[in-house]
$ cat target-v4.cif   # mmCIF, C-alpha atoms
data_structure
#
loop_
_atom_site.group_PDB
_atom_site.id
_atom_site.type_symbol
_atom_site.label_atom_id
_atom_site.label_comp_id
_atom_site.auth_asym_id
_atom_site.auth_seq_id
_atom_site.Cartn_x
_atom_site.Cartn_y
_atom_site.Cartn_z
ATOM 1 C CA ARG Q 145 121.648 143.505 100.037
ATOM 2 C CA ARG Q 146 118.451 145.261 99.036
ATOM 3 C CA ALA Q 147 116.572 143.475 101.811
ATOM 4 C CA ALA Q 148 119.166 144.539 104.364
ATOM 5 C CA ARG Q 149 118.810 148.186 103.348
ATOM 6 C CA GLY Q 150 115.106 148.094 104.068
ATOM 7 C CA MET Q 151 113.960 148.325 100.439
ATOM 8 C CA PRO Q 152 110.599 146.733 99.705
ATOM 9 C CA ARG Q 153 110.988 143.142 98.513
ATOM 10 C CA ASP Q 154 108.160 143.423 96.058
ATOM 11 C CA ASP Q 155 109.916 146.225 94.235
ATOM 12 C CA ALA Q 156 109.972 145.713 90.467
ATOM 13 C CA ARG Q 157 113.754 146.029 90.275
ATOM 14 C CA ALA Q 158 114.239 143.647 93.170
ATOM 15 C CA ARG Q 159 112.650 140.853 91.153
ATOM 16 C CA ASP Q 160 115.489 141.105 88.653
ATOM 17 C CA TYR Q 161 118.063 139.992 91.251
ATOM 18 C CA ARG Q 162 118.714 136.637 92.888
ATOM 19 C CA VAL Q 163 118.273 136.876 96.628
ATOM 20 C CA LEU Q 164 121.547 135.903 98.283
ATOM 21 C CA TYR Q 165 120.696 137.044 101.790
ATOM 22 C CA ASP Q 166 117.417 137.404 103.613
ATOM 23 C CA ARG Q 167 116.714 137.984 107.258
ATOM 24 C CA ASP Q 168 113.834 135.495 107.178
ATOM 25 C CA ALA Q 169 116.198 132.709 105.961
ATOM 26 C CA ARG Q 170 118.656 132.946 108.843
ATOM 27 C CA ALA Q 171 117.267 129.739 110.370
ATOM 28 C CA LEU Q 172 118.420 127.765 107.303
ATOM 29 C CA ARG Q 173 121.925 126.379 106.911
ATOM 30 C CA ASP Q 174 124.362 127.797 104.387
ATOM 31 C CA ASN Q 175 124.225 124.644 102.254
ATOM 32 C CA HIS Q 176 120.426 124.430 102.270
ATOM 33 C CA THR Q 177 118.825 123.293 99.020
ATOM 34 C CA ASP Q 178 115.214 122.850 98.106
ATOM 35 C CA PRO Q 179 114.685 119.088 97.578
ATOM 36 C CA ARG Q 180 112.008 119.762 94.961
ATOM 37 C CA THR Q 181 114.462 121.562 92.697
ATOM 38 C CA PHE Q 182 117.676 119.800 93.720
ATOM 39 C CA LEU Q 183 116.435 116.263 92.958
ATOM 40 C CA ALA Q 184 114.378 117.162 89.893
ATOM 41 C CA ARG Q 185 117.182 116.210 87.489
ATOM 42 C CA MET Q 186 118.431 113.140 89.334
ATOM 43 C CA ARG Q 187 118.916 110.069 87.121
ATOM 44 C CA LEU Q 188 119.144 106.503 88.434
ATOM 45 C CA ASN Q 189 121.581 104.056 86.777
ATOM 46 C CA LYS Q 190 122.144 106.408 83.854
ATOM 47 C CA SER Q 191 125.585 105.005 82.930
ATOM 48 C CA VAL Q 192 125.089 101.420 84.137
ATOM 49 C CA LYS Q 193 125.409 98.909 81.328
ATOM 50 C CA THR Q 194 122.238 96.912 80.750
ATOM 51 C CA ARG Q 195 122.954 93.221 80.320
ATOM 52 C CA SER Q 196 120.863 90.973 78.145
ATOM 53 C CA PHE Q 197 120.312 87.285 78.842
ATOM 54 C CA ALA Q 198 120.962 86.278 75.218
ATOM 55 C CA THR Q 199 124.395 87.948 75.140
ATOM 56 C CA SER Q 200 125.400 86.549 78.529
ATOM 57 C CA ALA Q 201 124.132 83.077 77.596
ATOM 58 C CA ARG Q 202 126.162 83.043 74.364
ATOM 59 C CA ALA Q 203 129.314 83.932 76.306
ATOM 60 C CA ALA Q 204 128.561 81.213 78.883
ATOM 61 C CA TRP Q 205 127.866 78.780 76.027
ATOM 62 C CA THR Q 206 131.428 79.322 74.813
ATOM 63 C CA ILE Q 207 132.763 78.541 78.296
ATOM 64 C CA SER Q 208 130.760 75.325 78.395
ATOM 65 C CA GLN Q 209 132.242 74.416 75.006
ATOM 66 C CA GLN Q 210 135.728 74.161 76.486
ATOM 67 C CA CYS Q 211 134.386 72.056 79.347
ATOM 68 C CA ALA Q 212 132.994 69.657 76.733
ATOM 69 C CA VAL Q 213 136.397 69.541 74.994
ATOM 70 C CA VAL Q 214 138.081 68.634 78.303
ATOM 71 C CA VAL Q 215 135.550 65.866 78.971
ATOM 72 C CA ILE Q 216 135.926 64.439 75.440
ATOM 73 C CA HIS Q 217 139.715 64.328 75.643
ATOM 74 C CA SER Q 218 139.678 62.824 79.140
ATOM 75 C CA GLY Q 219 137.144 60.205 78.085
ATOM 76 C CA ALA Q 220 139.195 59.317 75.004
ATOM 77 C CA HIS Q 221 142.266 58.915 77.210
ATOM 78 C CA GLY Q 222 140.342 56.536 79.462
ATOM 79 C CA ALA Q 223 139.110 54.548 76.450
ATOM 80 C CA ILE Q 224 142.674 54.220 75.140
ATOM 81 C CA ALA Q 225 143.969 53.143 78.546
ATOM 82 C CA ASP Q 226 141.244 50.483 78.892
ATOM 83 C CA GLY Q 227 141.692 49.198 75.352
ATOM 84 C CA ALA Q 228 138.131 50.136 74.363
ATOM 85 C CA VAL Q 229 139.496 52.081 71.388
ATOM 86 C CA ARG Q 230 142.392 50.972 69.213
ATOM 87 C CA ALA Q 231 145.158 53.549 69.166
ATOM 88 C CA ARG Q 232 145.910 53.116 65.459
ATOM 89 C CA THR Q 233 142.261 53.662 64.526
ATOM 90 C CA LEU Q 234 142.204 56.826 66.608
ATOM 91 C CA VAL Q 235 145.431 58.041 65.003
ATOM 92 C CA ARG Q 236 143.906 57.653 61.539
ATOM 93 C CA TRP Q 237 140.875 59.746 62.470
ATOM 94 C CA GLU Q 238 143.037 62.367 64.164
ATOM 95 C CA THR Q 239 145.343 62.634 61.154
ATOM 96 C CA ARG Q 240 142.352 63.118 58.853
ATOM 97 C CA ALA Q 241 140.919 65.807 61.145
ATOM 98 C CA LEU Q 242 144.286 67.578 61.195
ATOM 99 C CA GLY Q 243 144.487 67.462 57.405
ATOM 100 C CA VAL Q 244 140.949 68.824 56.990
ATOM 101 C CA GLY Q 245 141.631 71.662 59.425
ATOM 102 C CA LEU Q 246 144.895 72.652 57.774
ATOM 103 C CA ALA Q 247 143.306 72.492 54.319
ATOM 104 C CA ALA Q 248 140.411 74.701 55.462
ATOM 105 C CA TRP Q 249 142.864 77.248 56.856
ATOM 106 C CA ALA Q 250 144.906 77.177 53.646
ATOM 107 C CA LEU Q 251 141.801 77.866 51.558
ATOM 108 C CA GLY Q 252 140.070 80.504 53.650
ATOM 109 C CA GLY Q 253 142.045 81.392 56.765
ATOM 110 C CA ASP Q 254 140.715 81.248 60.309
ATOM 111 C CA GLY Q 255 139.353 84.778 60.648
ATOM 112 C CA SER Q 256 141.807 85.714 63.397
ATOM 113 C CA SER Q 257 143.852 88.145 61.321
ATOM 114 C CA ALA Q 258 142.349 89.058 57.989
ATOM 115 C CA GLU Q 259 145.193 91.407 57.098
ATOM 116 C CA GLY Q 260 147.824 88.716 57.683
ATOM 117 C CA SER Q 261 145.815 86.226 55.613
ATOM 118 C CA VAL Q 262 145.702 88.663 52.701
ATOM 119 C CA LYS Q 263 149.465 89.238 52.894
ATOM 120 C CA LEU Q 264 150.178 85.493 52.928
ATOM 121 C CA GLY Q 265 147.838 84.569 50.124
ATOM 122 C CA ARG Q 266 146.391 81.135 49.459
ATOM 123 C CA ALA Q 267 149.726 79.700 48.267
ATOM 124 C CA GLY Q 268 151.540 80.977 51.362
ATOM 125 C CA ARG Q 269 148.895 79.543 53.680
ATOM 126 C CA ALA Q 270 149.048 76.207 51.846
ATOM 127 C CA TRP Q 271 152.817 76.002 52.274
ATOM 128 C CA ARG Q 272 152.546 76.961 55.925
ATOM 129 C CA SER Q 273 149.843 74.315 56.448
ATOM 130 C CA ILE Q 274 152.084 71.610 54.967
ATOM 131 C CA ARG Q 275 154.978 72.691 57.179
ATOM 132 C CA LEU Q 276 152.809 72.827 60.273
ATOM 133 C CA GLY Q 277 151.341 69.377 59.658
ATOM 134 C CA ALA Q 278 154.746 67.816 58.979
ATOM 135 C CA LEU Q 279 156.368 69.438 62.023
ATOM 136 C CA THR Q 280 153.469 68.464 64.285
ATOM 137 C CA LEU Q 281 153.440 64.804 63.298
ATOM 138 C CA GLY Q 282 157.230 64.495 63.066
ATOM 139 C CA GLY Q 283 157.778 66.211 66.397
ATOM 140 C CA LEU Q 284 155.269 63.960 68.149
ATOM 141 C CA VAL Q 285 156.846 60.836 66.659
ATOM 142 C CA ALA Q 286 160.260 61.948 67.942
ATOM 143 C CA LEU Q 287 158.956 62.894 71.410
ATOM 144 C CA THR Q 288 156.753 59.843 71.965
ATOM 145 C CA PRO Q 289 159.476 57.739 73.706
ATOM 146 C CA LEU Q 290 160.259 60.666 76.024
ATOM 147 C CA CYS Q 291 156.589 61.228 76.848
ATOM 148 C CA GLN Q 292 156.116 57.546 77.576
ATOM 149 C CA THR Q 293 158.724 57.473 80.364
ATOM 150 C CA MET Q 294 158.449 61.073 81.616
ATOM 151 C CA THR Q 295 156.582 60.258 84.856
ATOM 152 C CA ALA Q 296 157.735 56.697 85.462
ATOM 153 C CA ALA Q 297 158.685 57.530 89.074
ATOM 154 C CA VAL Q 298 155.340 59.250 89.839
ATOM 155 C CA SER Q 299 152.372 57.365 91.236
ATOM 156 C CA ASP Q 300 149.096 57.133 89.340
ATOM 157 C CA ASP Q 301 147.190 59.047 92.038
ATOM 158 C CA THR Q 302 149.643 61.949 91.958
ATOM 159 C CA ALA Q 303 149.588 62.123 88.164
ATOM 160 C CA ALA Q 304 145.779 62.022 88.050
ATOM 161 C CA THR Q 305 145.447 64.750 90.707
ATOM 162 C CA CYS Q 306 147.951 67.042 89.001
ATOM 163 C CA ALA Q 307 146.321 66.490 85.603
ATOM 164 C CA THR Q 308 142.861 67.266 87.010
ATOM 165 C CA LEU Q 309 144.043 70.500 88.618
ATOM 166 C CA ALA Q 310 145.893 71.530 85.443
ATOM 167 C CA LEU Q 311 142.805 70.951 83.282
ATOM 168 C CA ALA Q 312 140.712 72.970 85.739
ATOM 169 C CA LEU Q 313 143.219 75.826 85.459
ATOM 170 C CA TYR Q 314 143.027 75.503 81.676
ATOM 171 C CA ALA Q 315 139.255 75.955 81.682
ATOM 172 C CA ILE Q 316 139.443 78.901 84.106
ATOM 173 C CA THR Q 317 142.234 80.838 82.365
ATOM 174 C CA TYR Q 318 141.254 80.099 78.756
ATOM 175 C CA ASP Q 319 141.035 83.102 76.389
ATOM 176 C CA TYR Q 320 137.283 83.045 75.692
ATOM 177 C CA ALA Q 321 137.418 86.554 74.201
ATOM 178 C CA PHE Q 322 139.321 85.160 71.212
ATOM 179 C CA VAL Q 323 136.592 82.648 70.364
ATOM 180 C CA ASN Q 324 133.895 85.312 70.909
ATOM 181 C CA LEU Q 325 135.612 87.606 68.332
ATOM 182 C CA GLU Q 326 136.478 90.217 70.974
ATOM 183 C CA THR Q 327 140.244 90.003 70.362
ATOM 184 C CA LYS Q 328 142.345 89.234 67.275
ATOM 185 C CA GLN Q 329 145.145 87.179 68.850
ATOM 186 C CA LEU Q 330 144.968 84.141 71.104
ATOM 187 C CA ALA Q 331 146.481 85.258 74.416
ATOM 188 C CA SER Q 332 146.226 82.253 76.713
ATOM 189 C CA SER Q 333 149.768 80.968 77.098
ATOM 190 C CA PHE Q 334 149.158 79.956 80.723
ATOM 191 C CA SER Q 335 146.049 77.919 79.889
ATOM 192 C CA LEU Q 336 147.771 76.245 76.933
ATOM 193 C CA GLY Q 337 150.745 75.364 79.132
ATOM 194 C CA ALA Q 338 148.433 73.914 81.776
ATOM 195 C CA SER Q 339 146.566 71.832 79.186
ATOM 196 C CA MET Q 340 149.748 70.408 77.654
ATOM 197 C CA PHE Q 341 151.181 69.681 81.104
ATOM 198 C CA ALA Q 342 148.049 67.705 81.966
ATOM 199 C CA SER Q 343 148.069 65.945 78.579
ATOM 200 C CA LEU Q 344 151.677 64.819 78.920
ATOM 201 C CA LEU Q 345 151.007 63.574 82.439
ATOM 202 C CA MET Q 346 148.046 61.543 81.192
ATOM 203 C CA ALA Q 347 149.884 60.222 78.129
ATOM 204 C CA SER Q 348 152.897 59.152 80.188
ATOM 205 C CA ARG Q 349 150.723 56.627 82.061
ATOM 206 C CA LEU Q 350 150.123 54.656 78.823
ATOM 207 C CA ASP Q 351 152.325 51.692 77.904
ATOM 208 C CA ASP Q 352 151.989 51.474 74.129
ATOM 209 C CA PRO Q 353 153.913 54.080 72.032
ATOM 210 C CA ALA Q 354 151.035 54.234 69.546
ATOM 211 C CA SER Q 355 148.638 55.012 72.409
ATOM 212 C CA VAL Q 356 150.919 57.786 73.672
ATOM 213 C CA PHE Q 357 151.119 59.276 70.171
ATOM 214 C CA ALA Q 358 147.334 59.129 69.721
ATOM 215 C CA ASP Q 359 146.669 60.717 73.120
ATOM 216 C CA VAL Q 360 149.120 63.608 72.666
ATOM 217 C CA LEU Q 361 147.953 64.297 69.098
ATOM 218 C CA LEU Q 362 144.350 64.434 70.288
ATOM 219 C CA ALA Q 363 145.398 66.846 73.052
ATOM 220 C CA LEU Q 364 147.117 69.127 70.534
ATOM 221 C CA GLU Q 365 144.007 69.204 68.369
ATOM 222 C CA CYS Q 366 141.687 69.800 71.332
ATOM 223 C CA TYR Q 367 143.661 72.443 73.216
ATOM 224 C CA VAL Q 368 146.055 74.118 70.762
ATOM 225 C CA LEU Q 369 144.404 73.999 67.320
ATOM 226 C CA SER Q 370 140.678 73.879 68.133
ATOM 227 C CA PRO Q 371 140.390 77.556 69.276
ATOM 228 C CA TYR Q 372 141.037 78.675 65.703
ATOM 229 C CA VAL Q 373 138.340 76.308 64.425
ATOM 230 C CA TRP Q 374 135.809 77.550 67.010
ATOM 231 C CA ARG Q 375 136.641 81.158 66.132
ATOM 232 C CA ALA Q 376 136.165 80.546 62.403
ATOM 233 C CA ILE Q 377 132.793 78.909 63.056
ATOM 234 C CA ARG Q 378 131.750 81.759 65.354
ATOM 235 C CA ALA Q 379 132.735 84.345 62.721
ATOM 236 C CA PHE Q 380 130.833 82.462 60.005
ATOM 237 C CA SER Q 381 127.536 82.027 61.858
ATOM 238 C CA THR Q 382 126.359 82.345 65.455
ATOM 239 C CA THR Q 383 123.666 79.741 64.822
ATOM 240 C CA LEU Q 384 126.232 77.248 63.533
ATOM 241 C CA HIS Q 385 128.398 78.005 66.575
ATOM 242 C CA LEU Q 386 125.521 77.118 68.934
ATOM 243 C CA ILE Q 387 124.776 73.929 66.968
ATOM 244 C CA VAL Q 388 128.423 72.832 67.150
ATOM 245 C CA VAL Q 389 128.554 73.503 70.896
ATOM 246 C CA PHE Q 390 125.346 71.505 71.425
ATOM 247 C CA ALA Q 391 126.809 68.626 69.391
ATOM 248 C CA LEU Q 392 129.976 68.738 71.513
ATOM 249 C CA HIS Q 393 127.860 68.479 74.657
ATOM 250 C CA ILE Q 394 126.088 65.410 73.281
ATOM 251 C CA ILE Q 395 129.437 63.794 72.463
ATOM 252 C CA ALA Q 396 130.817 64.699 75.893
ATOM 253 C CA PHE Q 397 127.723 63.260 77.605
ATOM 254 C CA THR Q 398 128.060 60.039 75.603
ATOM 255 C CA VAL Q 399 131.758 59.751 76.435
ATOM 256 C CA ALA Q 400 131.155 60.438 80.138
ATOM 257 C CA ARG Q 401 128.246 57.983 80.281
ATOM 258 C CA ALA Q 402 130.470 55.254 78.851
ATOM 259 C CA ARG Q 403 132.739 55.772 81.867
ATOM 260 C CA ASP Q 404 130.161 56.400 84.618
ATOM 261 C CA GLU Q 405 126.464 57.280 84.362
ATOM 262 C CA THR Q 406 126.463 59.362 87.535
ATOM 263 C CA LEU Q 407 129.383 61.384 86.207
ATOM 264 C CA ALA Q 408 127.512 61.957 82.929
ATOM 265 C CA TRP Q 409 124.416 63.351 84.651
ATOM 266 C CA ALA Q 410 126.600 65.463 86.916
ATOM 267 C CA TYR Q 411 128.096 66.904 83.732
ATOM 268 C CA VAL Q 412 124.598 67.741 82.440
ATOM 269 C CA VAL Q 413 123.744 69.536 85.691
ATOM 270 C CA GLY Q 414 127.018 71.449 85.597
ATOM 271 C CA VAL Q 415 126.461 72.577 81.996
ATOM 272 C CA PHE Q 416 122.908 73.678 82.830
ATOM 273 C CA LEU Q 417 124.126 75.716 85.789
ATOM 274 C CA LEU Q 418 126.908 77.270 83.729
ATOM 275 C CA ALA Q 419 125.022 77.980 80.504
ATOM 276 C CA VAL Q 420 121.547 78.873 81.832
ATOM 277 C CA VAL Q 421 121.433 79.579 85.564
ATOM 278 C CA ALA Q 422 124.643 81.626 85.781
ATOM 279 C CA PRO Q 423 123.741 84.081 82.954
ATOM 280 C CA ALA Q 424 120.204 84.505 84.290
ATOM 281 C CA SER Q 425 121.532 85.213 87.785
ATOM 282 C CA LEU Q 426 124.076 87.680 86.409
ATOM 283 C CA VAL Q 427 121.398 89.620 84.497
ATOM 284 C CA ARG Q 428 119.079 89.623 87.488
ATOM 285 C CA PHE Q 429 121.676 90.784 90.015
ATOM 286 C CA ALA Q 430 123.070 93.379 87.597
ATOM 287 C CA ALA Q 431 119.595 94.871 87.157
ATOM 288 C CA SER Q 432 118.527 94.826 90.812
ATOM 289 C CA GLY Q 433 121.783 95.150 92.723
ATOM 290 C CA LYS Q 434 123.089 98.463 91.357
ATOM 291 C CA ARG Q 435 122.007 101.917 92.505
ATOM 292 C CA GLN Q 436 123.991 104.633 90.785
ATOM 293 C CA ILE Q 437 122.655 108.175 90.984
ATOM 294 C CA ALA Q 438 123.627 110.985 88.645
ATOM 295 C CA GLY Q 439 122.597 114.620 88.439
ATOM 296 C CA PRO Q 440 123.766 118.217 88.108
ATOM 297 C CA TRP Q 441 126.121 117.755 91.063
ATOM 298 C CA ASP Q 442 128.357 115.282 89.165
ATOM 299 C CA GLU Q 443 131.877 116.280 88.274
ATOM 300 C CA ALA Q 444 132.259 117.380 84.671
ATOM 301 C CA LEU Q 445 134.486 114.952 82.755
ATOM 302 C CA PRO Q 446 135.895 115.962 79.356
ATOM 303 C CA LYS Q 447 135.082 113.605 76.503
ATOM 304 C CA LEU Q 448 137.963 112.107 74.582
ATOM 305 C CA TYR Q 449 136.523 113.079 71.193
ATOM 306 C CA LEU Q 450 137.068 116.741 72.111
ATOM 307 C CA PHE Q 451 140.834 116.122 71.949
ATOM 308 C CA LYS Q 452 140.784 114.254 68.623
ATOM 309 C CA ASP Q 453 142.801 115.822 65.773
ATOM 310 C CA THR Q 454 143.959 118.673 67.985
ATOM 311 C CA VAL Q 455 147.288 119.931 69.258
ATOM 312 C CA ARG Q 456 147.695 119.212 72.954
ATOM 313 C CA ALA Q 457 147.114 122.407 74.893
ATOM 314 C CA ALA Q 458 148.582 123.281 78.262
ATOM 315 C CA GLY Q 459 146.750 121.527 81.055
ATOM 316 C CA VAL Q 460 145.516 118.625 78.924
ATOM 317 C CA PRO Q 461 146.934 115.335 80.285
ATOM 318 C CA ARG Q 462 149.220 113.573 77.835
ATOM 319 C CA TYR Q 463 147.577 110.170 78.247
ATOM 320 C CA ARG Q 464 144.100 111.619 77.493
ATOM 321 C CA HIS Q 465 145.347 113.332 74.348
ATOM 322 C CA TRP Q 466 147.162 110.148 73.284
ATOM 323 C CA ALA Q 467 144.078 107.970 73.928
ATOM 324 C CA ALA Q 468 141.930 110.311 71.814
ATOM 325 C CA ASN Q 469 144.315 110.292 68.843
ATOM 326 C CA LYS Q 470 145.767 106.757 68.908
#

$ encode --input "target-v4.cif" --output "structure tokens"
Amino acid sequence: RRAARGMPRDDARARDYRVLYDRDARALRDNHTDPRTFLARMRLNKSVKTRSFATSARAAWTISQQCAVVVIHSGAHGAIADGAVRARTLVRWETRALGVGLAAWALGGDGSSAEGSVKLGRAGRAWRSIRLGALTLGGLVALTPLCQTMTAAVSDDTAATCATLALALYAITYDYAFVNLETKQLASSFSLGASMFASLLMASRLDDPASVFADVLLALECYVLSPYVWRAIRAFSTTLHLIVVFALHIIAFTVARARDETLAWAYVVGVFLLAVVAPASLVRFAASGKRQIAGPWDEALPKLYLFKDTVRAAGVPRYRHWAANK
């Protein structure tokens, strides 16, 4: 305004005002901004989460653990079918492992729900362990004849293909967050159903009732009960968790090599790609593939802590106020 009225622009009072209109700036567009001042406060990847290789590798290590469990159970099934392992000997070892696991849970819990363990107490957990062990063994004994003849009309090729696909679905949909202490409850009903479907298909191809019982009991310990053991080990010590996973890989390699040496080395390559190459690639692509800019032009977003311990005012969304005070 002062420039339009012909007042001198170097006037002392004129320096106290921001120039909104100037005849000399008519050649510039209305949305013109000086790039030296506009981009001075630009920040690159300010809110992008930085991934570390160690954290990603530990998560991938847990995934490879379940692959080792699948290989061990499948190899044990093949050994039972070929007669390389006596079913009664395997049942004895499985029963001892079940007893040790239930006793450990009765004494210290599994770390999945500390509050529930305190409410139960050691005596309550001991009684529940006895009930669980008796129901597991008694139920399997009663269902063994049914499992043995469940797929009598299905060909071996069809049963093997369906079991392979079901075990692959188990490994893909498994609740790895539970083992990594990110959640408190095991929420993988689909993966557990897929694993038991595959186990029953595999067990139904065996002829001896003792072999069927041994195979299904091993499947229960590998797919249903082992997640609680892995979680307890992970909560106790990360180093012990990595040692146990490495030991499982050695056992899985030995079991696979007893069946086929090429398959065993293919397993080693797959574990290396999953546990080393995949996390490294994820960290690399996450660091180099994202370009997120932030600056004074960003929309202002209210923080949830501003709504904590307050009465919801008009205009404040209900879900934001609930999320801040839940």

$ residues_around --input "target-v4.cif" --residues "stretch 288-304 of chain Q" --least-positions-apart "6" --cutoff "10 Å" --atoms "only C-alpha atoms" --output "ChimeraX atom specification"
/Q:310,342-358,360

$ write_last_selection --input "target-v4.cif" --atoms "C-alpha atoms" --output "PDB file, in the coordinates of the input"
ATOM      1  CA  ALA Q 310     145.893  71.530  85.443  1.00  0.00           C
ATOM      2  CA  ALA Q 342     148.049  67.705  81.966  1.00  0.00           C
ATOM      3  CA  SER Q 343     148.069  65.945  78.579  1.00  0.00           C
ATOM      4  CA  LEU Q 344     151.677  64.819  78.920  1.00  0.00           C
ATOM      5  CA  LEU Q 345     151.007  63.574  82.439  1.00  0.00           C
ATOM      6  CA  MET Q 346     148.046  61.543  81.192  1.00  0.00           C
ATOM      7  CA  ALA Q 347     149.884  60.222  78.129  1.00  0.00           C
ATOM      8  CA  SER Q 348     152.897  59.152  80.188  1.00  0.00           C
ATOM      9  CA  ARG Q 349     150.723  56.627  82.061  1.00  0.00           C
ATOM     10  CA  LEU Q 350     150.123  54.656  78.823  1.00  0.00           C
ATOM     11  CA  ASP Q 351     152.325  51.692  77.904  1.00  0.00           C
ATOM     12  CA  ASP Q 352     151.989  51.474  74.129  1.00  0.00           C
ATOM     13  CA  PRO Q 353     153.913  54.080  72.032  1.00  0.00           C
ATOM     14  CA  ALA Q 354     151.035  54.234  69.546  1.00  0.00           C
ATOM     15  CA  SER Q 355     148.638  55.012  72.409  1.00  0.00           C
ATOM     16  CA  VAL Q 356     150.919  57.786  73.672  1.00  0.00           C
ATOM     17  CA  PHE Q 357     151.119  59.276  70.171  1.00  0.00           C
ATOM     18  CA  ALA Q 358     147.334  59.129  69.721  1.00  0.00           C
ATOM     19  CA  VAL Q 360     149.120  63.608  72.666  1.00  0.00           C
TER      20      VAL Q 360
END

$ residues_around --input "target-v4.cif" --residues "Q:Ala220" --least-positions-apart "6" --cutoff "9 Å" --atoms "all atoms listed in the file" --output "list of chain:residue names"
Q:Val229, Q:Asp359, Q:Leu362, Q:Val399

$ write_last_selection --input "target-v4.cif" --atoms "C-alpha atoms" --output "tab-separated table (two decimals), in the coordinates of the input"
chain	number	residue	atom	x	y	z
Q	229	VAL	CA	139.50	52.08	71.39
Q	359	ASP	CA	146.67	60.72	73.12
Q	362	LEU	CA	144.35	64.43	70.29
Q	399	VAL	CA	131.76	59.75	76.44

$ residues_near_point --input "target-v4.cif" --point "(143.0, 79.9, 76.5)" --cutoff "7 Å" --atoms "only C-alpha atoms" --output "PyMOL selection string"
chain Q and resi 314+317-320+331-333+335-336

$ atom_distance --input "target-v4.cif" --atom1 "atom CA of Q:Glu365" --atom2 "atom CA of Q:Ala422"
28.9 Å

$ atom_distance --input "target-v4.cif" --atom1 "atom CA of Q:Ala201" --atom2 "atom CA of Q:Arg403"
28.9 Å

$ resolve_selection --input "target-v4.cif" --expression "the PyMOL selection byres ((chain Q and resi 315) around 12)" --output "PyMOL selection string"
chain Q and resi 206-215+308-314+316-320+332+334-339+367

$ resolve_selection --input "target-v4.cif" --expression "the PyMOL selection byres ((chain Q and resi 435-437) around 7)" --output "list in words"
Met186, Arg187, Leu188, Asn189, Gly433, Lys434, Ala438 and Gly439 of chain Q

$ write_last_selection --input "target-v4.cif" --atoms "C-alpha atoms" --output "PDB file, in the coordinates of the input"
ATOM      1  CA  MET Q 186     118.431 113.140  89.334  1.00  0.00           C
ATOM      2  CA  ARG Q 187     118.916 110.069  87.121  1.00  0.00           C
ATOM      3  CA  LEU Q 188     119.144 106.503  88.434  1.00  0.00           C
ATOM      4  CA  ASN Q 189     121.581 104.056  86.777  1.00  0.00           C
ATOM      5  CA  GLY Q 433     121.783  95.150  92.723  1.00  0.00           C
ATOM      6  CA  LYS Q 434     123.089  98.463  91.357  1.00  0.00           C
ATOM      7  CA  ALA Q 438     123.627 110.985  88.645  1.00  0.00           C
ATOM      8  CA  GLY Q 439     122.597 114.620  88.439  1.00  0.00           C
TER       9      GLY Q 439
END

$ residues_around --input "target-v4.cif" --residues "Q:Leu392" --least-positions-apart "3" --cutoff "9 Å" --atoms "only C-alpha atoms" --output "MDAnalysis selection string"
chainID Q and resid 209 212:213 216 387:389 395:397

$ build_atoms --input "target-v4.cif" --residues "stretch 322-329 of chain Q" --atoms "N, CA, C and O atoms" --output "mmCIF file, keeping the file's coordinate frame"
data_model
loop_
_atom_site.group_PDB
_atom_site.id
_atom_site.type_symbol
_atom_site.label_atom_id
_atom_site.label_comp_id
_atom_site.auth_asym_id
_atom_site.auth_seq_id
_atom_site.Cartn_x
_atom_site.Cartn_y
_atom_site.Cartn_z
ATOM 1 N N PHE Q 322 138.857 85.462 72.571
ATOM 2 C CA PHE Q 322 139.321 85.160 71.212
ATOM 3 C C PHE Q 322 138.249 84.410 70.431
ATOM 4 O O PHE Q 322 137.967 84.725 69.264
ATOM 5 N N VAL Q 323 137.635 83.421 71.039
ATOM 6 C CA VAL Q 323 136.592 82.648 70.364
ATOM 7 C C VAL Q 323 135.353 83.508 70.127
ATOM 8 O O VAL Q 323 134.667 83.374 69.110
ATOM 9 N N ASN Q 324 135.065 84.443 71.035
ATOM 10 C CA ASN Q 324 133.895 85.312 70.909
ATOM 11 C C ASN Q 324 134.149 86.529 70.032
ATOM 12 O O ASN Q 324 133.349 87.481 70.047
ATOM 13 N N LEU Q 325 135.284 86.548 69.297
ATOM 14 C CA LEU Q 325 135.612 87.606 68.332
ATOM 15 C C LEU Q 325 135.849 88.955 68.996
ATOM 16 O O LEU Q 325 135.703 90.000 68.356
ATOM 17 N N GLU Q 326 136.210 88.961 70.285
ATOM 18 C CA GLU Q 326 136.478 90.217 70.974
ATOM 19 C C GLU Q 326 137.939 90.636 70.854
ATOM 20 O O GLU Q 326 138.259 91.814 71.040
ATOM 21 N N THR Q 327 138.830 89.710 70.572
ATOM 22 C CA THR Q 327 140.244 90.003 70.362
ATOM 23 C C THR Q 327 140.697 89.320 69.076
ATOM 24 O O THR Q 327 140.047 88.397 68.576
ATOM 25 N N LYS Q 328 141.848 89.768 68.543
ATOM 26 C CA LYS Q 328 142.345 89.234 67.275
ATOM 27 C C LYS Q 328 143.422 88.172 67.455
ATOM 28 O O LYS Q 328 143.684 87.409 66.524
ATOM 29 N N GLN Q 329 144.067 88.137 68.613
ATOM 30 C CA GLN Q 329 145.145 87.179 68.850
ATOM 31 C C GLN Q 329 144.810 86.322 70.060
ATOM 32 O O GLN Q 329 144.247 86.822 71.047
#
